[in-house]
Amino acid sequence: MKAQLSRSNRVPAGVFPGFGEAQSFFAVELQAARLAEIAHEDPARWKRRNLLKRGDTLPTRGKIREYAGGLPVLEKVVAISDFSRKHAAYNALKNRRESIANTRNPLRGIGLAVCSKGIGYQGEEHGNKGCTVKVRLELDRRLTILTSIVDNELESSRIFKQIAARILDIEPEKITIAPVDTGNVPNSGATSTVRTLTVIYRLLEKCCLAIKKKRLISSLPIEVRQSCKEPKEPGWDAESLMGSPYREYSWAATVLELEIDPVTLQPNCRGIWLAIDSGSIVDLLTEKLAVRMVKGMVIRAFGYATSAEHEPVDLLHILCPYEQYTVPGLMNLPPIR
């Protein structure tokens with residue numbers, strides 16, 4: 001087998017949310033693609049056989065105890081992108097082509113990647129121990145939600161009201177979010193998108209369900225407090241890097257179709273398809289917000305991958321890459337589905 005080394009001024013990933021995760025999955029997916037190629041197997045079929053399932057053991061000896069959603073997103077993205085047919089066609093053209101020296105037609109290929117995002121970190125140093133939410137149903141049947149989570153682009157306050165209104169059958173106008181004064185509200189931990197979605201919302205649901213049960217047998221006002229509990233089994237040991245770092249995982253799969261001009265070697269992205277396991281979407285507005293956030297990150301990543309320029313010795317800009325790329329214009333964006 002011949003080995004080929006190429007020098008490039010493009011780096012595969014930079015400082016994006018989830019430090020280190022993009023780089024790690026980039027390496028893992030390159031390895032998976034190579035293994036599927038050596039096995040002469042469709043990458044989608046290879047991934048179906050090797051994806052983690054519930055009950056599987058991680059390399060860190062932890063176990064996947066909750067739902068493992070890699071397979072549904074894989075099947076979805078393969079279907080909407082017509083991946084298997086295109087991959088077979090492009091592979092056949094590649095095998096018939098002796099060289100690109102006399103080729104006039106664009107060189108085409110299609111790639112498939114699957115990744116996961118851990119949620120519910122179980123390490124002690126940044127865990128959710130002591131994270132608390134409090135809800136109070138007043139005498140006038142108005143509801144007050146007390147949490148130290150700060151409202152951000154996720155519009156968490158609006159979603160808090162939607163969750164409480166749905167469970168307790170109360171008009172959102174009668175629900176108040178208490179001001180974030182740490183002297184009056186409980187400690188709900190640091191504000192972040194992942195923690196708010198996976199920890200705070202669940203605690204709020206538990207509070208509202210408890211009030212729904214209590215108001216049938218108790219007089220108002222009713223106040224309920226819910227806090228995160230320690231996992232029954234050992235979580236994550238940061239010293240030995242062993243155990244289960246997260247309670248569960250959210251999965252995503254992506255397909256990207258690319259063509260390269262055989263003369264100029266300029267790349268042209270023909271399309272990007274994504275399937276994401278996003279859990280429960282509260283309402284239509286939240287769904288639109290989620291889609292907008294995902295598309296925004298895709299555009300940022302696309303701009304970074306196609307426009308960042310680095311000299312081999314330019315270490316400063318490799319460490320601080322945001323200055324080195326621009327968001328692509330609308331005419332340069334591929335279809336994103």
# chains A, B, ... in the order shown; residues from 1 in each chain; ligands from 1
>>> residues_around(residues="Arg195 of chain A", least_positions_apart="2", cutoff="12 Å", atoms="only C-alpha atoms", output="list of chain:residue names")
A:Gly118, A:Ile119, A:Gly120, A:Tyr121, A:His126, A:Gly127, A:Asn128, A:Cys131, A:Ile149, A:Val150, A:Leu154, A:Ser156, A:Ser188, A:Gly189, A:Ala190, A:Thr191, A:Ser192, A:Thr193, A:Leu197, A:Thr198, A:Val199, A:Ile200, A:Tyr201, A:Arg202, A:Leu203, A:Cys228, A:Tyr246
>>> residues_around(residues="segment 165-178 of chain A", least_positions_apart="4", cutoff="8 Å", atoms="only C-alpha atoms", output="list in words")
Arg141, Arg142, Leu143, Thr144, Ile145, Leu146, Thr147, Ser157, Lys161, Val185, Glu205, Cys208, Leu209 and Lys212 of chain A
>>> select_by_dssp(residues="segment 28-145 of chain A", states="strand (DSSP E)", output="list in words")
Leu107, Arg108, Gly109, Ile110, Gly111, Leu112, Ala113, Val114, Cys115, Ser116, Lys117, Gly118, Ile119, Gly120, Tyr121, Thr132, Val133, Lys134, Val135, Arg136, Leu137, Leu143, Thr144 and Ile145 of chain A
>>> residues_around(residues="Trp46 of chain A", least_positions_apart="4", cutoff="9 Å", atoms="only C-alpha atoms", output="ChimeraX atom specification")
/A:32-33,35-36,39,41-42,50-51
>>> residues_around(residues="Gly55 of chain A", least_positions_apart="4", cutoff="8 Å", atoms="only C-alpha atoms", output="list in words")
Lys63, Ile64 and Arg65 of chain A
>>> write_last_selection(atoms="all heavy atoms", output="PDB file, in the first residue's frame")
ATOM      1  N   LYS A  63     -20.634   2.554  30.585  1.00  0.00           N
ATOM      2  CA  LYS A  63     -21.638   1.891  29.755  1.00  0.00           C
ATOM      3  C   LYS A  63     -22.670   2.880  29.239  1.00  0.00           C
ATOM      4  O   LYS A  63     -22.984   3.875  29.883  1.00  0.00           O
ATOM      5  CB  LYS A  63     -22.338   0.783  30.551  1.00  0.00           C
ATOM      6  CG  LYS A  63     -21.523  -0.500  30.655  1.00  0.00           C
ATOM      7  CD  LYS A  63     -22.390  -1.673  31.078  1.00  0.00           C
ATOM      8  CE  LYS A  63     -21.602  -2.979  30.993  1.00  0.00           C
ATOM      9  NZ  LYS A  63     -22.450  -4.144  31.334  1.00  0.00           N
ATOM     10  N   ILE A  64     -23.181   2.592  28.047  1.00  0.00           N
ATOM     11  CA  ILE A  64     -24.305   3.356  27.500  1.00  0.00           C
ATOM     12  C   ILE A  64     -25.565   2.789  28.143  1.00  0.00           C
ATOM     13  O   ILE A  64     -26.019   1.708  27.800  1.00  0.00           O
ATOM     14  CB  ILE A  64     -24.386   3.218  25.970  1.00  0.00           C
ATOM     15  CG1 ILE A  64     -23.101   3.725  25.313  1.00  0.00           C
ATOM     16  CG2 ILE A  64     -25.601   3.964  25.433  1.00  0.00           C
ATOM     17  CD1 ILE A  64     -22.915   5.212  25.366  1.00  0.00           C
ATOM     18  N   ARG A  65     -26.117   3.517  29.116  1.00  0.00           N
ATOM     19  CA  ARG A  65     -27.267   3.009  29.862  1.00  0.00           C
ATOM     20  C   ARG A  65     -28.584   3.586  29.360  1.00  0.00           C
ATOM     21  O   ARG A  65     -29.642   3.001  29.560  1.00  0.00           O
ATOM     22  CB  ARG A  65     -27.111   3.310  31.352  1.00  0.00           C
ATOM     23  CG  ARG A  65     -25.828   2.697  31.918  1.00  0.00           C
ATOM     24  CD  ARG A  65     -25.816   2.706  33.427  1.00  0.00           C
ATOM     25  NE  ARG A  65     -24.583   2.103  33.924  1.00  0.00           N
ATOM     26  CZ  ARG A  65     -24.396   0.800  34.051  1.00  0.00           C
ATOM     27  NH1 ARG A  65     -25.358  -0.032  33.715  1.00  0.00           N
ATOM     28  NH2 ARG A  65     -23.256   0.313  34.500  1.00  0.00           N
TER      29      ARG A  65
END
>>> atom_distance(atom1="atom CA of Gly271 of chain A", atom2="atom CA of Leu284 of chain A")
25.6 Å
>>> atom_distance(atom1="atom CA of Ile336 of chain A", atom2="atom CA of Leu289 of chain A")
15.8 Å
>>> closest_residue(among="A:Arg108, A:Lys229, A:His40, A:Lys295", to="Pro262 of chain A", atoms="only C-alpha atoms")
A:Arg108
>>> select_by_dssp(residues="segment 114-213 of chain A", states="alpha helix (DSSP H)", output="PyMOL selection string")
chain A and resi 156-168+193-195+201-213
>>> closest_residue(among="A:Arg158, A:Lys214, A:Lys134, A:Arg247", to="Leu285 of chain A", atoms="only C-alpha atoms")
A:Arg158
>>> residues_around(residues="Ala113 of chain A", least_positions_apart="6", cutoff="10 Å", atoms="only C-alpha atoms", output="list in words")
Phe25, Phe26, Val28, Glu29, Leu30, Ala32, Ala33, Pro43, Ala44, Lys47, Leu74, Val77, Ala252, Ala253, Thr254, Val255, Leu256 and Leu274 of chain A
>>> residues_around(residues="Glu138 of chain A", least_positions_apart="6", cutoff="7 Å", atoms="only C-alpha atoms", output="list in words")
Leu220, Pro221 and Ile222 of chain A
>>> write_last_selection(atoms="N, CA, C and O atoms", output="short mmCIF file (atom, residue, chain, number, x, y, z; two decimals), in the first residue's frame")
data_model
loop_
_atom_site.label_atom_id
_atom_site.label_comp_id
_atom_site.auth_asym_id
_atom_site.auth_seq_id
_atom_site.Cartn_x
_atom_site.Cartn_y
_atom_site.Cartn_z
N LEU A 220 -53.56 26.05 48.88
CA LEU A 220 -52.55 26.97 48.36
C LEU A 220 -52.09 27.91 49.47
O LEU A 220 -52.83 28.16 50.42
N PRO A 221 -50.88 28.45 49.39
CA PRO A 221 -49.89 28.26 48.32
C PRO A 221 -49.14 26.93 48.46
O PRO A 221 -49.01 26.39 49.56
N ILE A 222 -48.64 26.45 47.37
CA ILE A 222 -47.83 25.22 47.35
C ILE A 222 -46.47 25.56 46.75
O ILE A 222 -46.39 26.18 45.68
#
>>> atom_distance(atom1="atom CA of Arg34 of chain A", atom2="atom CA of Ala92 of chain A")
16.9 Å
>>> closest_residue(among="A:Leu333, A:Leu137, A:Ile38, A:Ile281", to="Arg215 of chain A", atoms="only C-alpha atoms")
A:Leu137
>>> decode(residues="segment 159-175 of chain A", atoms="all heavy atoms", output="tab-separated table (two decimals), in the first residue's frame")
chain	number	residue	atom	x	y	z
A	159	ILE	N	-39.64	29.44	27.35
A	159	ILE	CA	-39.82	27.98	27.34
A	159	ILE	C	-40.20	27.48	28.73
A	159	ILE	O	-41.00	26.55	28.87
A	159	ILE	CB	-38.55	27.29	26.81
A	159	ILE	CG1	-38.24	27.78	25.40
A	159	ILE	CG2	-38.73	25.77	26.81
A	159	ILE	CD1	-36.95	27.26	24.82
A	160	PHE	N	-39.65	28.11	29.79
A	160	PHE	CA	-40.06	27.77	31.16
A	160	PHE	C	-41.58	27.90	31.29
A	160	PHE	O	-42.26	27.02	31.83
A	160	PHE	CB	-39.39	28.70	32.18
A	160	PHE	CG	-37.93	28.43	32.41
A	160	PHE	CD1	-37.12	29.39	33.01
A	160	PHE	CD2	-37.37	27.22	32.04
A	160	PHE	CE1	-35.79	29.15	33.23
A	160	PHE	CE2	-36.01	26.96	32.26
A	160	PHE	CZ	-35.22	27.94	32.84
A	161	LYS	N	-42.09	29.02	30.79
A	161	LYS	CA	-43.53	29.28	30.90
A	161	LYS	C	-44.34	28.26	30.09
A	161	LYS	O	-45.40	27.81	30.53
A	161	LYS	CB	-43.85	30.70	30.44
A	161	LYS	CG	-43.28	31.79	31.35
A	161	LYS	CD	-43.66	33.17	30.84
A	161	LYS	CE	-43.10	34.26	31.75
A	161	LYS	NZ	-43.46	35.61	31.27
A	162	GLN	N	-43.84	27.90	28.92
A	162	GLN	CA	-44.54	26.93	28.08
A	162	GLN	C	-44.63	25.58	28.76
A	162	GLN	O	-45.68	24.92	28.75
A	162	GLN	CB	-43.80	26.79	26.74
A	162	GLN	CG	-43.88	28.01	25.84
A	162	GLN	CD	-45.21	28.11	25.13
A	162	GLN	OE1	-46.00	27.18	25.13
A	162	GLN	NE2	-45.47	29.26	24.52
A	163	ILE	N	-43.53	25.14	29.38
A	163	ILE	CA	-43.51	23.85	30.07
A	163	ILE	C	-44.50	23.85	31.24
A	163	ILE	O	-45.31	22.93	31.40
A	163	ILE	CB	-42.08	23.53	30.57
A	163	ILE	CG1	-41.15	23.27	29.37
A	163	ILE	CG2	-42.09	22.31	31.49
A	163	ILE	CD1	-39.70	23.15	29.75
A	164	ALA	N	-44.42	24.90	32.07
A	164	ALA	CA	-45.30	24.98	33.24
A	164	ALA	C	-46.77	25.09	32.84
A	164	ALA	O	-47.64	24.44	33.43
A	164	ALA	CB	-44.90	26.17	34.11
A	165	ALA	N	-47.06	25.89	31.81
A	165	ALA	CA	-48.44	26.07	31.35
A	165	ALA	C	-49.02	24.76	30.83
A	165	ALA	O	-50.19	24.43	31.09
A	165	ALA	CB	-48.49	27.13	30.26
A	166	ARG	N	-48.20	23.98	30.12
A	166	ARG	CA	-48.68	22.72	29.57
A	166	ARG	C	-48.99	21.70	30.67
A	166	ARG	O	-50.01	21.03	30.64
A	166	ARG	CB	-47.62	22.14	28.62
A	166	ARG	CG	-47.90	20.74	28.12
A	166	ARG	CD	-46.89	20.32	27.07
A	166	ARG	NE	-45.52	20.56	27.48
A	166	ARG	CZ	-44.83	19.72	28.26
A	166	ARG	NH1	-45.39	18.61	28.73
A	166	ARG	NH2	-43.56	19.97	28.57
A	167	ILE	N	-48.14	21.62	31.67
A	167	ILE	CA	-48.32	20.61	32.73
A	167	ILE	C	-49.45	20.99	33.68
A	167	ILE	O	-50.28	20.15	34.05
A	167	ILE	CB	-47.00	20.42	33.51
A	167	ILE	CG1	-45.92	19.82	32.59
A	167	ILE	CG2	-47.22	19.49	34.72
A	167	ILE	CD1	-44.56	19.71	33.24
A	168	LEU	N	-49.51	22.27	34.05
A	168	LEU	CA	-50.46	22.71	35.08
A	168	LEU	C	-51.73	23.32	34.50
A	168	LEU	O	-52.62	23.72	35.26
A	168	LEU	CB	-49.78	23.71	36.01
A	168	LEU	CG	-48.64	23.13	36.86
A	168	LEU	CD1	-47.88	24.24	37.57
A	168	LEU	CD2	-49.16	22.11	37.85
A	169	ASP	N	-51.80	23.41	33.18
A	169	ASP	CA	-52.99	23.97	32.52
A	169	ASP	C	-53.27	25.39	33.02
A	169	ASP	O	-54.38	25.73	33.45
A	169	ASP	CB	-54.21	23.06	32.75
A	169	ASP	CG	-55.36	23.40	31.82
A	169	ASP	OD1	-55.09	24.03	30.77
A	169	ASP	OD2	-56.51	23.09	32.15
A	170	ILE	N	-52.22	26.22	32.99
A	170	ILE	CA	-52.31	27.62	33.40
A	170	ILE	C	-51.93	28.49	32.21
A	170	ILE	O	-51.02	28.14	31.44
A	170	ILE	CB	-51.34	27.90	34.58
A	170	ILE	CG1	-51.74	27.08	35.81
A	170	ILE	CG2	-51.33	29.39	34.94
A	170	ILE	CD1	-50.76	27.22	36.96
A	171	GLU	N	-52.60	29.63	32.06
A	171	GLU	CA	-52.25	30.53	30.97
A	171	GLU	C	-50.84	31.07	31.20
A	171	GLU	O	-50.48	31.43	32.33
A	171	GLU	CB	-53.22	31.71	30.90
A	171	GLU	CG	-54.64	31.32	30.56
A	171	GLU	CD	-55.45	30.91	31.80
A	171	GLU	OE1	-54.83	30.75	32.87
A	171	GLU	OE2	-56.67	30.78	31.68
A	172	PRO	N	-50.01	31.13	30.14
A	172	PRO	CA	-48.64	31.65	30.29
A	172	PRO	C	-48.60	33.04	30.90
A	172	PRO	O	-47.63	33.40	31.57
A	172	PRO	CB	-48.12	31.66	28.85
A	172	PRO	CG	-48.91	30.60	28.15
A	172	PRO	CD	-50.28	30.66	28.77
A	173	GLU	N	-49.68	33.84	30.70
A	173	GLU	CA	-49.70	35.21	31.25
A	173	GLU	C	-49.73	35.21	32.77
A	173	GLU	O	-49.39	36.21	33.41
A	173	GLU	CB	-50.91	35.98	30.72
A	173	GLU	CG	-50.91	36.20	29.22
A	173	GLU	CD	-51.29	34.94	28.44
A	173	GLU	OE1	-51.98	34.07	29.01
A	173	GLU	OE2	-50.86	34.82	27.27
A	174	LYS	N	-50.15	34.10	33.37
A	174	LYS	CA	-50.22	34.01	34.83
A	174	LYS	C	-48.96	33.40	35.46
A	174	LYS	O	-48.94	33.08	36.64
A	174	LYS	CB	-51.44	33.17	35.24
A	174	LYS	CG	-52.77	33.84	34.91
A	174	LYS	CD	-53.93	33.02	35.45
A	174	LYS	CE	-55.27	33.71	35.19
A	174	LYS	NZ	-56.40	32.92	35.71
A	175	ILE	N	-47.93	33.23	34.64
A	175	ILE	CA	-46.68	32.64	35.12
A	175	ILE	C	-45.60	33.72	35.14
A	175	ILE	O	-45.41	34.45	34.17
A	175	ILE	CB	-46.25	31.46	34.23
A	175	ILE	CG1	-47.34	30.38	34.22
A	175	ILE	CG2	-44.93	30.88	34.71
A	175	ILE	CD1	-47.07	29.25	33.26
